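Step one of this worksheet: look at the structure below.
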Amino acid sequence: MSHTTVAGPPRVPVAPATTPSRAGRFWGDTGLVLVRELRPLVRDPFSMLFGLVQPLFFLALFGPLLVSSLGGTDALGGDVWLWFVPSILVMSTLFGTTGTGSNLQMELVSGSHERLLVTPMSRSAMLVGRALKEVVPVVVQALVVVLVMLPFGLRPDPLGVVLTLGQLAVLGVGIGGFSYALALAVRKQEWMFWVVQQTVIFPLMLLSGMLLPLDGGPAWMRTVSYADPLRYVVDAARELFAGDLASPAVLWGWVAALLTAAAGLAVGVRTMERARA
Amino acid sequence: MIRTRGLTKDFVVSRHETVHAVRGIDLDVEAGELVAVLGPNGAGKTTTMRMLTTLLAPTSGTAHVAGHDVTTAPHRVRAAIGYVGQGNGAASVQQVRDELVLQGRVHGLDRRAAEYRADELLEALDLAPLARRKVDSLSGGQRRRLDVALGLVQAPPLLFLDEPSTGLDPHNRANLWEHVLRLRTRSAESSGPPTTIVLTTHYLDEADTMAERVVVVDHGEVIADDTADALKADLAGDHVALQAAPEHLAVLAQIAERDAGTREVAVDVTADHDGAGDAGPDRLSTGVVSVRSTDGTRAVPGLLRAADAAGVDVLGVQVSRPTLDDVFLALTGRSLRETALDPSSGRTPDLTKEVAR
Ligand SMILES: Nc1ncnc2c1ncn2[C@@H]1O[C@H](COP(=O)(O)OP(=O)(O)OP(=O)(O)O)[C@@H](O)[C@H]1O
Ligand SMILES: [Mg+2]
């Protein structure tokens, strides 16, 4: 080799425009990631409606079946829409946010995530910004479902709807965090992502009492259902839609949504910080 | 600027197979150098770059980049480098200009400065008309130019380019290098040393003309490291072909062997050196003495004088300069050109196994 070695690594002055604190860096980067993730949605808002196809089928085809198989609406508290529309809102939140990790998967494959990894951007911000973005599709989709159902006789408590949207948004951020963590965890076997997603959503859905009342189910099922955070959010949404804003179920809904958000963000951030190619 | 000692990366593919992708690389790059890393597919170029850019943790060994250890202070390294990976850096759902602005913001530019810089680069890399396009609507070469632009946004003191010119047409290839070189000279004018650049390429001519220093990597090891000219002179040498009548060839070969710069002499009696395929009577009446010489152009006058003195009629002379491919051939007995062009000899399991040994 014709190149001589210098003693010790050379020092190079690094001159960033500003040197923000760690926390400043985190929030600034979270904002950048959030805006970046929202742009495609804002430019193409109709893309958010595709996620509604499945939930609307459940609404249109499963709803009538539900009423007839239960022999009326008594088991549902009298009004099928006040019982079933909240279910559909939680369902569309679940479907949309569990799948969001696939967006990150695309970036893992193409190299655009790698490009950002070789910048000073905060790793946690990469996750939190993405998870926070889930609020927008969740709320937009829920609003569309509610609006679509108004002509069919849905008459929810307006304030209850607003509070439900808030709870769904918090829940969606948490599930989004888990979904991104999954995408990072199975990056070597991409196909695993959808396998795991499908395997997880159906038990979560059925055990939440979203599609059929749990009261008629076996005892073990009712017991297990207490471990399903969606159960509390579904119950809370039904109370809120019915206008019973002070019901304890609403409080439990908040607890479940917030715990899911905290856990999802924590797991997501940890996975993102540890993920190496 | 870069200093590695015993840098090593093993990939455990399965229980029976470990790929030794990089095996103990010692590399020193000074501030301001422009280094081209050459090597066949699977040589370990990308893996090395990914370790230097903090994307991969080394299995063993150390690496200091821009004054910081890649394992203990990765965020400081990241702040000081630009990286254009072998994949596509821009997300397909985003718009071209947005990605550039974001890149500037991430590197600490405020919105105005980031937008200004983005527009500057769009202009420089012929991307301005595509600013509002979605990335997945770009052609391969346009996308590649965007990748390069993303790596240049913060005008880093150290730039890693992994096959930046792959997929570009000749015009844009020239344009890209012009821009990269301009970036270097401009940073030299402004104050500090010129931008340090480490690049890989499979275009040997590009490495030849661009790089001041060529590092040849094969099977995860550095097998040569010098200027392109020195490598060629040391390892390959010029090729001098002397044409003469068959009866003179033996004497001519002796003369050639006596020359100080000569490394190897071969005699080919039946060579058709003019390349004229017609089988006339002339064809058998000339032969060729092939000489590998340290400096062919300088050797020729002496050779001719000596031949003249010995009464040998030299009928024709041809001097050809070696290419980097000749260098690689001399080093490994294989041609880079073949490995680069033949898809079957690239990332095949065969090579992986060979590397794993
Ligand atoms: N993630 C990985 N897991 C297993 N093996 C890997 C991985 N990445 C690279 N390798 C192997 O390491 C070796 C070096 O790969 P690398 O990508 O560094 O080659 P390269 O010199 O960049 O080649 P090319 O010119 O084709 O880009 C190859 O044998 C490759 O198969
Ligand atoms: Mg490579």
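Ligands are numbered from 1 in the order shown, residues from 1 within each chain, and chains are lettered A, B, ... in the order they appear in the structure tokens.
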- Leaving out Ala227 of chain A and any residue of its chain fewer than 5 positions from it, which residues lie within 10 Å of it when counting only C-alpha atoms, given as a PyMOL selection string? chain A and resi 204+207-208+222+232+256
Written file, previous selection with C-alpha atoms, as a compact mmCIF listing (two decimals), in the first residue's frame:
# COMPACT_ATOMS: atom_id res chain seq x y z
CA LEU A 204 -58.76 -10.21 18.79
CA LEU A 207 -62.96 -12.18 21.61
CA SER A 208 -63.87 -8.51 21.71
CA ARG A 222 -65.84 -14.64 28.44
CA TYR A 232 -63.11 -2.50 26.38
CA ALA A 256 -57.38 0.00 27.41
- In segment 64-178 of chain B, what's helix (DSSP H, G or I) per DSSP? Answer as a PyMOL selection string? chain B and resi 74-80+96-106+111-124+128-130+135-137+140-152+170-178
Distance table requested - chain B against ligand 1, cut-off 6 Å, only C-alpha atoms and all ligand atoms: one row per qualifying residue with the closest atom pair and its distance in Å to one decimal, ordered by chain and rising residue number, as a Markdown table.
| residue | atom | partner | partner_atom_place_in_ligand_line | distance |
| --- | --- | --- | --- | --- |
| B:Phe11 | CA | ligand 1 | 4 (C) | 4.8 |
| B:Val13 | CA | ligand 1 | 4 (C) | 5.4 |
| B:Val19 | CA | ligand 1 | 5 (N) | 5.8 |
| B:Ala21 | CA | ligand 1 | 12 (O) | 4.1 |
| B:Pro40 | CA | ligand 1 | 25 (O) | 5.5 |
| B:Asn41 | CA | ligand 1 | 26 (O) | 3.4 |
| B:Gly42 | CA | ligand 1 | 19 (O) | 3.3 |
| B:Ala43 | CA | ligand 1 | 21 (O) | 3.7 |
| B:Gly44 | CA | ligand 1 | 18 (O) | 3.1 |
| B:Lys45 | CA | ligand 1 | 21 (O) | 3.6 |
| B:Thr46 | CA | ligand 1 | 22 (O) | 3.5 |
| B:Thr47 | CA | ligand 1 | 18 (O) | 3.6 |
| B:Arg347 | CA | ligand 1 | 31 (O) | 5.9 |
| B:Thr352 | CA | ligand 1 | 29 (O) | 4.7 |
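If only C-alpha atoms are the atoms counted, then among B:Ala224, B:Ile25, B:Ala207, B:Ala241 the closest residue to chain A is B:Ala224.
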- With a distance cut-off of 9 Å and only C-alpha atoms, select the neighbouring residues of Thr48 of chain B, excluding the residue or stretch itself and same-chain residues fewer than 5 positions from it, and output the selection as a PyMOL selection string. chain B and resi 7-9+21-22+25+53+56+58+220
With all heavy atoms retained, could you export that selection as a JSON list (two decimals), in the first residue's frame?
[["chain", "number", "residue", "atom", "x", "y", "z"],
["B", 7, "LEU", "N", -11.16, -5.05, 9.88],
["B", 7, "LEU", "CA", -12.62, -4.99, 9.77],
["B", 7, "LEU", "C", -13.15, -6.27, 9.11],
["B", 7, "LEU", "O", -12.73, -6.65, 8.02],
["B", 7, "LEU", "CB", -13.01, -3.78, 8.92],
["B", 7, "LEU", "CG", -14.47, -3.35, 9.00],
["B", 7, "LEU", "CD1", -14.84, -2.94, 10.41],
["B", 7, "LEU", "CD2", -14.73, -2.19, 8.04],
["B", 8, "THR", "N", -14.08, -6.91, 9.82],
["B", 8, "THR", "CA", -14.54, -8.23, 9.40],
["B", 8, "THR", "C", -16.05, -8.33, 9.53],
["B", 8, "THR", "O", -16.63, -7.79, 10.47],
["B", 8, "THR", "CB", -13.91, -9.31, 10.32],
["B", 8, "THR", "OG1", -12.49, -9.19, 10.24],
["B", 8, "THR", "CG2", -14.31, -10.70, 9.90],
["B", 9, "LYS", "N", -16.68, -8.99, 8.58],
["B", 9, "LYS", "CA", -18.11, -9.26, 8.69],
["B", 9, "LYS", "C", -18.43, -10.67, 8.24],
["B", 9, "LYS", "O", -18.13, -11.05, 7.11],
["B", 9, "LYS", "CB", -18.92, -8.26, 7.86],
["B", 9, "LYS", "CG", -20.42, -8.44, 7.99],
["B", 9, "LYS", "CD", -20.92, -7.97, 9.34],
["B", 9, "LYS", "CE", -22.28, -8.51, 9.68],
["B", 9, "LYS", "NZ", -22.74, -8.05, 10.99],
["B", 21, "ALA", "N", -18.03, -12.36, 4.44],
["B", 21, "ALA", "CA", -18.18, -11.35, 3.39],
["B", 21, "ALA", "C", -17.01, -10.38, 3.37],
["B", 21, "ALA", "O", -16.56, -9.96, 2.31],
["B", 21, "ALA", "CB", -19.49, -10.58, 3.60],
["B", 22, "VAL", "N", -16.52, -10.01, 4.53],
["B", 22, "VAL", "CA", -15.37, -9.10, 4.62],
["B", 22, "VAL", "C", -14.39, -9.73, 5.61],
["B", 22, "VAL", "O", -14.78, -10.10, 6.71],
["B", 22, "VAL", "CB", -15.81, -7.70, 5.11],
["B", 22, "VAL", "CG1", -14.60, -6.80, 5.32],
["B", 22, "VAL", "CG2", -16.77, -7.06, 4.11],
["B", 25, "ILE", "N", -10.23, -6.12, 6.78],
["B", 25, "ILE", "CA", -9.78, -5.03, 5.91],
["B", 25, "ILE", "C", -9.13, -3.92, 6.73],
["B", 25, "ILE", "O", -9.69, -3.45, 7.71],
["B", 25, "ILE", "CB", -10.96, -4.50, 5.07],
["B", 25, "ILE", "CG1", -11.25, -5.50, 3.95],
["B", 25, "ILE", "CG2", -10.65, -3.12, 4.51],
["B", 25, "ILE", "CD1", -12.20, -5.02, 2.90],
["B", 53, "THR", "N", -20.80, 3.00, 7.24],
["B", 53, "THR", "CA", -21.89, 3.97, 7.36],
["B", 53, "THR", "C", -22.82, 3.63, 8.53],
["B", 53, "THR", "O", -23.94, 4.12, 8.58],
["B", 53, "THR", "CB", -22.72, 4.03, 6.06],
["B", 53, "THR", "OG1", -23.12, 2.71, 5.71],
["B", 53, "THR", "CG2", -21.92, 4.62, 4.93],
["B", 56, "LEU", "N", -24.32, -1.65, 9.48],
["B", 56, "LEU", "CA", -24.04, -3.02, 9.91],
["B", 56, "LEU", "C", -23.01, -2.97, 11.03],
["B", 56, "LEU", "O", -22.06, -2.20, 10.96],
["B", 56, "LEU", "CB", -23.41, -3.80, 8.76],
["B", 56, "LEU", "CG", -24.27, -4.51, 7.74],
["B", 56, "LEU", "CD1", -23.36, -5.22, 6.74],
["B", 56, "LEU", "CD2", -25.20, -5.49, 8.40],
["B", 58, "PRO", "N", -19.82, -4.46, 12.69],
["B", 58, "PRO", "CA", -18.74, -5.36, 12.30],
["B", 58, "PRO", "C", -18.72, -6.60, 13.20],
["B", 58, "PRO", "O", -19.05, -6.50, 14.38],
["B", 58, "PRO", "CB", -17.47, -4.53, 12.52],
["B", 58, "PRO", "CG", -17.91, -3.12, 12.62],
["B", 58, "PRO", "CD", -19.32, -3.15, 13.13],
["B", 220, "GLY", "N", -13.55, -10.48, -0.06],
["B", 220, "GLY", "CA", -13.55, -9.80, 1.23],
["B", 220, "GLY", "C", -12.21, -9.29, 1.69],
["B", 220, "GLY", "O", -12.05, -8.90, 2.84]]
- Take atom CA of Arg76 of chain B and atom CA of Gly108 of chain B and report the distance between them in Å, one decimal.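 Pair atom CA of Arg76 of chain B / atom CA of Gly108 of chain B returns 13.4 Å.
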- Query: Quick one, how far is atom CA of Ala299 of chain B from atom CA of Asp205 of chain B?
  - Reply: 25.2 Å
Tell me, as a PDB file with C-alpha atoms, in the first residue's frame, which residues lie within 10 Å of Leu117 of chain A, counting only C-alpha atoms; anything in the same chain fewer than 5 positions away does not count.
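This is the output file selection08.pdb:
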ATOM      1  CA  GLY A 111     -33.545   1.193   0.540  1.00  0.00           C
ATOM      2  CA  SER A 112     -35.314   4.389   1.542  1.00  0.00           C
ATOM      3  CA  SER A 122     -33.767   9.958  15.866  1.00  0.00           C
ATOM      4  CA  ARG A 123     -34.688   6.271  15.622  1.00  0.00           C
ATOM      5  CA  MET A 126     -38.966   7.313  12.932  1.00  0.00           C
ATOM      6  CA  ARG A 276     -29.909  -3.628  12.393  1.00  0.00           C
TER       7      ARG A 276
ATOM      8  CA  THR B  53     -21.890   3.971   7.362  1.00  0.00           C
ATOM      9  CA  THR B  54     -23.101   2.407  10.670  1.00  0.00           C
ATOM     10  CA  LEU B  55     -25.724   0.227   8.981  1.00  0.00           C
ATOM     11  CA  HIS B  75     -24.774   9.127  15.465  1.00  0.00           C
ATOM     12  CA  ARG B  78     -24.030   9.744  10.561  1.00  0.00           C
TER      13      ARG B  78
END
- Task: Fewer than 6 positions away in the same chain doesn't count, so skip those; otherwise give me all residues within 9 Å of Val85 of chain A, counting only C-alpha atoms, as a list in words.
- Result: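 Listing them by chain and then by number gives Leu59, Val145, Val146, Met149, Leu154, Arg238 and Phe241 of chain A.
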- Message: I'd like the interatomic distance between atom CA of Phe193 of chain A and atom CA of Ala181 of chain A, to a tenth of an Å.
- Response: 10.3 Å
- Message: Ranking B:Thr195, B:Ser290, B:Asn172, B:Gln254 by minimum distance to chain A and counting only C-alpha atoms, which one comes first?
- Response: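 Ranked by minimum distance to chain A, first place goes to B:Thr195.
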- Task: Mind the document's chain letters and residue numbers, and return as a list of chain:residue names the residues of segment 118-196 of chain B that DSSP labels strand (DSSP E or B).
- Result: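 Output for segment 118-196 of chain B, strand (DSSP E or B) only: B:Lys134, B:Leu158, B:Leu159, B:Phe160, B:Leu161, B:Asp162, B:Thr196.
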Write the residues of the selection above to a file with N, CA, C and O atoms, as an mmCIF file, in the first residue's frame.
data_model
loop_
_atom_site.group_PDB
_atom_site.id
_atom_site.type_symbol
_atom_site.label_atom_id
_atom_site.label_comp_id
_atom_site.auth_asym_id
_atom_site.auth_seq_id
_atom_site.Cartn_x
_atom_site.Cartn_y
_atom_site.Cartn_z
ATOM 1 N N LYS B 134 -44.270 11.717 -8.473
ATOM 2 C CA LYS B 134 -44.122 10.672 -7.471
ATOM 3 C C LYS B 134 -42.928 9.802 -7.849
ATOM 4 O O LYS B 134 -42.706 9.532 -9.022
ATOM 5 N N LEU B 158 -17.629 13.829 3.912
ATOM 6 C CA LEU B 158 -17.281 12.470 3.467
ATOM 7 C C LEU B 158 -18.492 11.847 2.800
ATOM 8 O O LEU B 158 -19.594 11.849 3.351
ATOM 9 N N LEU B 159 -18.272 11.331 1.601
ATOM 10 C CA LEU B 159 -19.382 10.823 0.802
ATOM 11 C C LEU B 159 -19.111 9.377 0.391
ATOM 12 O O LEU B 159 -18.043 9.063 -0.126
ATOM 13 N N PHE B 160 -20.075 8.505 0.659
ATOM 14 C CA PHE B 160 -19.979 7.113 0.205
ATOM 15 C C PHE B 160 -20.956 6.907 -0.945
ATOM 16 O O PHE B 160 -22.152 7.181 -0.798
ATOM 17 N N LEU B 161 -20.467 6.415 -2.055
ATOM 18 C CA LEU B 161 -21.332 6.189 -3.208
ATOM 19 C C LEU B 161 -21.198 4.733 -3.644
ATOM 20 O O LEU B 161 -20.133 4.312 -4.095
ATOM 21 N N ASP B 162 -22.271 3.970 -3.481
ATOM 22 C CA ASP B 162 -22.220 2.562 -3.866
ATOM 23 C C ASP B 162 -22.853 2.388 -5.244
ATOM 24 O O ASP B 162 -24.069 2.438 -5.386
ATOM 25 N N THR B 196 -14.141 14.200 0.781
ATOM 26 C CA THR B 196 -13.566 12.860 0.631
ATOM 27 C C THR B 196 -14.633 11.963 0.029
ATOM 28 O O THR B 196 -15.777 11.987 0.475
#
